[in-house]
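**Student:** Here you go, this is model-v6.pdb (PDB, C-alpha atoms).
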```
ATOM      1  CA  MET A   1    -118.157 -85.647 186.927
ATOM      2  CA  THR A   2    -119.418 -83.017 189.330
ATOM      3  CA  PRO A   3    -117.285 -80.049 190.476
ATOM      4  CA  ASP A   4    -116.739 -81.780 193.798
ATOM      5  CA  ASP A   5    -115.322 -84.819 192.008
ATOM      6  CA  ARG A   6    -112.675 -82.904 190.063
ATOM      7  CA  ARG A   7    -109.167 -83.485 191.299
ATOM      8  CA  ILE A   8    -107.372 -81.241 188.797
ATOM      9  CA  PRO A   9    -108.405 -77.556 188.748
ATOM     10  CA  VAL A  10    -110.312 -76.430 185.682
ATOM     11  CA  PRO A  11    -108.181 -73.262 185.223
ATOM     12  CA  LEU A  12    -105.090 -75.467 184.933
ATOM     13  CA  LYS A  13    -106.796 -77.629 182.327
ATOM     14  CA  ALA A  14    -107.922 -74.566 180.381
ATOM     15  CA  ALA A  15    -104.485 -72.942 180.500
ATOM     16  CA  GLN A  16    -102.737 -76.064 179.201
ATOM     17  CA  THR A  17    -105.341 -76.470 176.470
ATOM     18  CA  ALA A  18    -104.951 -72.855 175.354
ATOM     19  CA  PHE A  19    -101.178 -73.192 175.261
ATOM     20  CA  VAL A  20    -101.281 -76.357 173.166
ATOM     21  CA  ALA A  21    -103.812 -74.786 170.792
ATOM     22  CA  LEU A  22    -101.400 -71.891 170.311
ATOM     23  CA  LEU A  23     -98.343 -74.087 169.898
ATOM     24  CA  ILE A  24     -99.674 -76.509 167.277
ATOM     25  CA  PRO A  25    -100.005 -74.123 164.303
ATOM     26  CA  VAL A  26     -96.766 -72.310 165.184
ATOM     27  CA  TYR A  27     -94.762 -75.535 165.437
ATOM     28  CA  TRP A  28     -96.429 -76.954 162.331
ATOM     29  CA  ARG A  29     -95.314 -73.943 160.333
ATOM     30  CA  GLN A  30     -91.821 -73.732 161.818
ATOM     31  CA  TYR A  31     -90.858 -77.392 162.070
ATOM     32  CA  GLY A  32     -93.426 -79.369 160.061
ATOM     33  CA  PRO A  33     -95.702 -82.227 161.162
ATOM     34  CA  ALA A  34     -92.813 -84.636 161.780
ATOM     35  CA  ASN A  35     -91.889 -82.655 164.879
ATOM     36  CA  PHE A  36     -95.017 -83.892 166.645
ATOM     37  CA  LEU A  37     -93.568 -87.420 166.707
ATOM     38  CA  TRP A  38     -91.005 -86.441 169.335
ATOM     39  CA  PHE A  39     -91.671 -88.100 172.708
ATOM     40  CA  SER A  40     -91.975 -84.697 174.366
ATOM     41  CA  ASP A  41     -94.467 -83.386 171.831
ATOM     42  CA  VAL A  42     -96.592 -86.515 172.085
ATOM     43  CA  ALA A  43     -96.632 -86.076 175.863
ATOM     44  CA  LEU A  44     -97.593 -82.425 175.457
ATOM     45  CA  LEU A  45    -100.497 -83.184 173.119
ATOM     46  CA  SER A  46    -101.624 -86.085 175.298
ATOM     47  CA  SER A  47    -101.601 -83.901 178.398
ATOM     48  CA  VAL A  48    -104.764 -82.129 177.252
ATOM     49  CA  PRO A  49    -107.092 -85.161 177.187
ATOM     50  CA  ALA A  50    -105.258 -86.587 180.203
ATOM     51  CA  LEU A  51    -106.123 -83.490 182.245
ATOM     52  CA  TRP A  52    -109.701 -83.041 181.069
ATOM     53  CA  LEU A  53    -110.573 -86.727 181.399
ATOM     54  CA  GLU A  54    -108.474 -87.031 184.548
ATOM     55  CA  SER A  55    -107.233 -90.236 182.983
ATOM     56  CA  PRO A  56    -104.649 -92.097 185.068
ATOM     57  CA  VAL A  57    -103.558 -94.260 182.148
ATOM     58  CA  LEU A  58    -102.939 -91.302 179.821
ATOM     59  CA  ALA A  59    -101.144 -89.222 182.433
ATOM     60  CA  SER A  60     -99.126 -92.184 183.701
ATOM     61  CA  THR A  61     -97.926 -93.438 180.326
ATOM     62  CA  GLN A  62     -96.817 -89.972 179.259
ATOM     63  CA  ALA A  63     -95.124 -89.269 182.584
ATOM     64  CA  VAL A  64     -93.095 -92.458 182.162
ATOM     65  CA  GLY A  65     -92.247 -91.645 178.551
ATOM     66  CA  ALA A  66     -91.388 -87.994 179.129
ATOM     67  CA  PHE A  67     -89.453 -88.196 182.393
ATOM     68  CA  VAL A  68     -85.956 -88.719 180.999
ATOM     69  CA  PRO A  69     -86.268 -86.548 177.845
ATOM     70  CA  GLU A  70     -87.741 -83.636 179.794
ATOM     71  CA  SER A  71     -85.165 -83.934 182.565
ATOM     72  CA  LEU A  72     -82.298 -83.980 180.074
ATOM     73  CA  TRP A  73     -83.768 -81.017 178.206
ATOM     74  CA  ALA A  74     -84.013 -78.982 181.400
ATOM     75  CA  VAL A  75     -80.416 -79.784 182.346
ATOM     76  CA  ASP A  76     -79.132 -79.019 178.856
ATOM     77  CA  TYR A  77     -81.041 -75.738 178.681
ATOM     78  CA  GLY A  78     -79.885 -74.728 182.138
ATOM     79  CA  LEU A  79     -76.257 -75.394 181.212
ATOM     80  CA  GLY A  80     -76.760 -73.353 178.071
ATOM     81  CA  LEU A  81     -77.956 -70.404 180.122
ATOM     82  CA  VAL A  82     -75.259 -70.672 182.778
ATOM     83  CA  ALA A  83     -72.233 -72.007 180.909
ATOM     84  CA  GLY A  84     -73.016 -70.952 177.361
ATOM     85  CA  ARG A  85     -72.917 -74.506 176.025
ATOM     86  CA  THR A  86     -75.353 -77.397 175.712
ATOM     87  CA  PRO A  87     -73.313 -80.605 176.082
ATOM     88  CA  ILE A  88     -76.302 -82.936 175.688
ATOM     89  CA  HIS A  89     -77.314 -81.122 172.464
ATOM     90  CA  ILE A  90     -81.002 -81.621 173.118
ATOM     91  CA  ALA A  91     -81.732 -77.944 173.788
ATOM     92  CA  THR A  92     -79.139 -76.428 171.459
ATOM     93  CA  TYR A  93     -81.831 -74.998 169.188
ATOM     94  CA  MET A  94     -82.981 -72.728 172.006
ATOM     95  CA  PHE A  95     -79.891 -70.619 171.397
ATOM     96  CA  ASP A  96     -80.194 -70.596 167.598
ATOM     97  CA  ARG A  97     -81.011 -66.999 166.640
ATOM     98  CA  ARG A  98     -82.227 -68.142 163.227
ATOM     99  CA  ILE A  99     -85.311 -69.511 164.984
ATOM    100  CA  PRO A 100     -87.767 -66.745 165.956
ATOM    101  CA  ARG A 101     -87.640 -65.878 169.633
ATOM    102  CA  PHE A 102     -91.377 -66.485 170.051
ATOM    103  CA  VAL A 103     -91.057 -70.012 168.658
ATOM    104  CA  ARG A 104     -88.193 -70.744 171.017
ATOM    105  CA  ALA A 105     -90.195 -69.320 173.911
ATOM    106  CA  LEU A 106     -92.961 -71.833 173.215
ATOM    107  CA  SER A 107     -90.422 -74.612 173.758
ATOM    108  CA  LEU A 108     -90.208 -73.618 177.399
ATOM    109  CA  PHE A 109     -93.092 -76.043 177.890
ATOM    110  CA  HIS A 110     -90.330 -78.606 178.478
ATOM    111  CA  LEU A 111     -89.789 -77.001 181.865
ATOM    112  CA  TRP A 112     -93.331 -77.475 183.153
ATOM    113  CA  LEU A 113     -94.631 -80.508 181.256
ATOM    114  CA  LEU A 114     -93.035 -83.094 183.525
ATOM    115  CA  PRO A 115     -94.059 -81.340 186.775
ATOM    116  CA  LEU A 116     -97.581 -81.052 185.351
ATOM    117  CA  LEU A 117     -97.784 -84.772 184.567
ATOM    118  CA  ILE A 118     -96.370 -85.686 187.967
ATOM    119  CA  TYR A 119     -98.883 -83.378 189.621
ATOM    120  CA  ALA A 120    -101.647 -85.092 187.658
ATOM    121  CA  ILE A 121    -100.685 -88.603 188.744
ATOM    122  CA  SER A 122    -100.298 -87.394 192.321
ATOM    123  CA  ARG A 123    -103.932 -86.300 192.173
ATOM    124  CA  ILE A 124    -105.544 -89.072 190.137
ATOM    125  CA  GLY A 125    -103.210 -91.975 190.807
ATOM    126  CA  TYR A 126    -100.504 -93.833 188.923
ATOM    127  CA  ASP A 127    -101.781 -96.550 186.603
ATOM    128  CA  ARG A 128     -99.671 -99.694 187.035
ATOM    129  CA  ARG A 129    -100.145-100.563 183.349
ATOM    130  CA  ALA A 130     -98.230 -97.442 182.279
ATOM    131  CA  PHE A 131     -94.955 -99.133 181.375
ATOM    132  CA  SER A 132     -96.704-101.882 179.444
ATOM    133  CA  TYR A 133     -98.531 -99.305 177.341
ATOM    134  CA  GLN A 134     -95.644 -96.870 177.033
ATOM    135  CA  LYS A 135     -93.188 -99.411 175.653
ATOM    136  CA  ARG A 136     -95.667-100.113 172.851
ATOM    137  CA  ILE A 137     -96.149 -96.380 172.246
ATOM    138  CA  THR A 138     -92.366 -95.997 172.165
ATOM    139  CA  ALA A 139     -91.993 -98.727 169.559
ATOM    140  CA  ALA A 140     -94.715 -97.173 167.402
ATOM    141  CA  LEU A 141     -93.162 -93.694 167.637
ATOM    142  CA  LEU A 142     -89.694 -94.980 166.784
ATOM    143  CA  LEU A 143     -91.039 -96.894 163.793
ATOM    144  CA  ALA A 144     -92.974 -93.845 162.580
ATOM    145  CA  SER A 145     -89.951 -91.600 163.130
ATOM    146  CA  TRP A 146     -87.803 -93.928 161.035
ATOM    147  CA  ARG A 147     -90.230 -94.409 158.159
ATOM    148  CA  LEU A 148     -91.994 -91.028 158.000
ATOM    149  CA  THR A 149     -89.285 -88.456 158.683
ATOM    150  CA  ARG A 150     -86.098 -87.239 157.018
ATOM    151  CA  PRO A 151     -82.679 -88.352 158.273
ATOM    152  CA  GLU A 152     -81.564 -84.771 158.902
ATOM    153  CA  GLU A 153     -84.481 -84.308 161.332
ATOM    154  CA  ASN A 154     -83.306 -87.292 163.396
ATOM    155  CA  VAL A 155     -86.635 -87.459 165.225
ATOM    156  CA  ASN A 156     -86.295 -89.477 168.428
ATOM    157  CA  TRP A 157     -82.669 -90.132 167.452
ATOM    158  CA  VAL A 158     -83.524 -92.917 164.983
ATOM    159  CA  TYR A 159     -80.938 -91.547 162.520
ATOM    160  CA  SER A 160     -78.094 -91.154 164.983
ATOM    161  CA  SER A 161     -74.596 -92.299 163.927
ATOM    162  CA  ARG A 162     -75.367 -91.709 160.258
ATOM    163  CA  GLU A 163     -71.689 -91.891 159.327
ATOM    164  CA  ARG A 164     -71.404 -95.402 160.756
ATOM    165  CA  ILE A 165     -74.851 -96.852 160.057
ATOM    166  CA  ARG A 166     -75.444 -96.514 156.340
ATOM    167  CA  SER A 167     -77.259 -99.617 155.120
ATOM    168  CA  PRO A 168     -81.055 -99.959 155.506
ATOM    169  CA  ILE A 169     -80.633-103.284 157.294
ATOM    170  CA  ALA A 170     -78.203-101.829 159.812
ATOM    171  CA  ARG A 171     -80.516 -98.857 160.379
ATOM    172  CA  ALA A 172     -83.439-101.214 160.970
ATOM    173  CA  GLY A 173     -81.338-103.061 163.528
ATOM    174  CA  PHE A 174     -80.481 -99.799 165.250
ATOM    175  CA  VAL A 175     -84.141 -98.801 165.468
ATOM    176  CA  CYS A 176     -84.994-102.218 166.912
ATOM    177  CA  PHE A 177     -82.216-101.717 169.450
ATOM    178  CA  LEU A 178     -83.786 -98.394 170.485
ATOM    179  CA  MET A 179     -87.177-100.093 170.814
ATOM    180  CA  VAL A 180     -85.688-102.377 173.453
ATOM    181  CA  ALA A 181     -83.128-100.091 175.081
ATOM    182  CA  ILE A 182     -85.243 -96.976 175.652
ATOM    183  CA  PRO A 183     -88.006 -98.775 177.609
ATOM    184  CA  LEU A 184     -85.606-100.923 179.635
ATOM    185  CA  VAL A 185     -82.935 -98.344 180.416
ATOM    186  CA  PHE A 186     -84.989 -95.154 180.731
ATOM    187  CA  GLN A 187     -88.657 -95.968 181.251
ATOM    188  CA  LEU A 188     -88.675 -99.059 183.461
ATOM    189  CA  PRO A 189     -86.733 -97.421 186.343
ATOM    190  CA  VAL A 190     -89.123 -94.460 186.222
ATOM    191  CA  HIS A 191     -92.097 -96.821 186.276
ATOM    192  CA  LYS A 192     -90.742 -98.643 189.336
ATOM    193  CA  THR A 193     -90.115 -95.346 191.112
ATOM    194  CA  PHE A 194     -93.593 -94.040 190.369
ATOM    195  CA  LYS A 195     -95.132 -97.298 191.606
ATOM    196  CA  ARG A 196     -93.345 -96.786 194.901
ATOM    197  CA  PHE A 197     -94.258 -93.152 195.471
ATOM    198  CA  PHE A 198     -97.738 -92.799 193.928
ATOM    199  CA  SER A 199    -100.904 -94.607 194.868
ATOM    200  CA  GLU A 200    -103.059 -96.546 192.454
ATOM    201  CA  PRO A 201    -106.091 -94.845 190.897
ATOM    202  CA  ALA A 202    -109.283 -95.047 192.877
ATOM    203  CA  ARG A 203    -111.541 -97.782 191.553
TER     204      ARG A 203
END
```
Let me see the file written as structure tokens.

**Tutor:**
Amino acid sequence: MTPDDRRIPVPLKAAQTAFVALLIPVYWRQYGPANFLWFSDVALLSSVPALWLESPVLASTQAVGAFVPESLWAVDYGLGLVAGRTPIHIATYMFDRRIPRFVRALSLFHLWLLPLLIYAISRIGYDRRAFSYQKRITAALLLASWRLTRPEENVNWVYSSRERIRSPIARAGFVCFLMVAIPLVFQLPVHKTFKRFFSEPAR
């Protein structure tokens, strides 16, 4: 790829790469490796190769997967700043003074990750296979979150309703429900919207 062929500015790629390189060891120490299974963190890590490769499929799948979580996080955080409460409880930790301020500041990536991914697909095109791939990624992440993390971490909400869902079989059923519900309810409408507003990648 020559400089004239680049559709995403190199300084933007370098800045995102530097930020992710800074975040990984800090998050690993503060939250542990399980934290990187969150949909948002997967999208953040994937944004680096997506930008450098200018890969429509990588950018598109992560934009579909991150749209709802990032939007909810931004709303919850904004309400926390304005109203002093986070009703969605997805950004509550941002106001937990037990977590170092620098670590919490790194989590502000939630505010620019979605705009960055949308900018990327506006430049390189929206891959129409994104939903097909993302629903498989979602299933894999939910399965990994269930089997590889602790219940108190509740990564990707696989351990929600712990007081009502206690048996392993019932928990497995709940995870399977999430595997179907999250793609259909949250990701498919985003996919259809992106198909309408963004052009296909150049062949």

**Student:** Please write the residues picked by the PyMOL selection byres ((chain A and resi 189-196) around 12) on this file as a PyMOL selection string.

**Tutor:** chain A and resi 59-69+71+117-119+121-122+125-135+182-188+197-201

**Student:** How far is it from CA of Ile169 in chain A to CA of Leu141 in chain A, in Å with one decimal?

**Tutor:**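 Result for CA of Ile169 in chain A versus CA of Leu141 in chain A: 18.9 Å, one decimal.
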
**Student:** Residue by residue, what does the PyMOL selection byres ((chain A and resi 72) around 12) grab here? Present the result as a ChimeraX atom specification.

**Tutor:** /A:40,66-71,73-79,86-92,110-111,114,186

**Student:** Pull the closest atom pair for each residue of range 170-195 of chain A that gets at most 8 Å from range 143-166 of chain A, along with the distance in Å to one decimal, counting only C-alpha atoms, ordering rows by chain and then ascending residue number, as a Markdown table.

**Tutor:**
```
| residue | atom | partner | partner_atom | distance |
| --- | --- | --- | --- | --- |
| A:Ala170 | CA | A:Ile165 | CA | 6.0 |
| A:Arg171 | CA | A:Ile165 | CA | 6.0 |
| A:Phe174 | CA | A:Val158 | CA | 7.5 |
| A:Val175 | CA | A:Val158 | CA | 5.9 |
| A:Leu178 | CA | A:Val158 | CA | 7.8 |
```

**Student:** Mind dumping the selected residues with C-alpha atoms as a PDB file, in the frame of the given file?

**Tutor:**
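Ended up saving to again_8.pdb:
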```
ATOM      1  CA  ALA A 170     -78.203-101.829 159.812  1.00  0.00           C
ATOM      2  CA  ARG A 171     -80.516 -98.857 160.379  1.00  0.00           C
ATOM      3  CA  PHE A 174     -80.481 -99.799 165.250  1.00  0.00           C
ATOM      4  CA  VAL A 175     -84.141 -98.801 165.468  1.00  0.00           C
ATOM      5  CA  LEU A 178     -83.786 -98.394 170.485  1.00  0.00           C
TER       6      LEU A 178
END
```

**Student:** In terms of the shortest atom-to-atom distance over only C-alpha atoms, which of A:Val82, A:Ala120, A:Met179, A:Ile137 is closest to Val48 in chain A?

**Tutor:**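 Under the stated criterion, the closest residue is A:Ala120.
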
**Student:** Do you have the CA of Val180 in chain A-CA of Trp28 in chain A distance handy?

**Tutor:** 29.8 Å

**Student:** By how many Å are CA of Ile124 in chain A and CA of Pro49 in chain A apart?

**Tutor:**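 Atom-to-atom, CA of Ile124 in chain A to CA of Pro49 in chain A, that is 13.6 Å.
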
**Student:** Can you tell me, as lines of an AutoDock Vina configuration file, the centre and edge lengths (Å, one decimal) of the axis-aligned box enclosing all of range 89-102 of chain A's listed atoms after padding each side by 5 Å?

**Tutor:**
```
center_x = -84.3
center_y = -73.7
center_z = 168.5
size_x = 24.1
size_y = 25.7
size_z = 20.6
```

**Student:** With only C-alpha atoms as the basis for distance, which of A:Leu142, A:Pro115, A:Ala21, A:Arg7 is at the shortest distance from Trp38 in chain A?

**Tutor:** A:Leu142
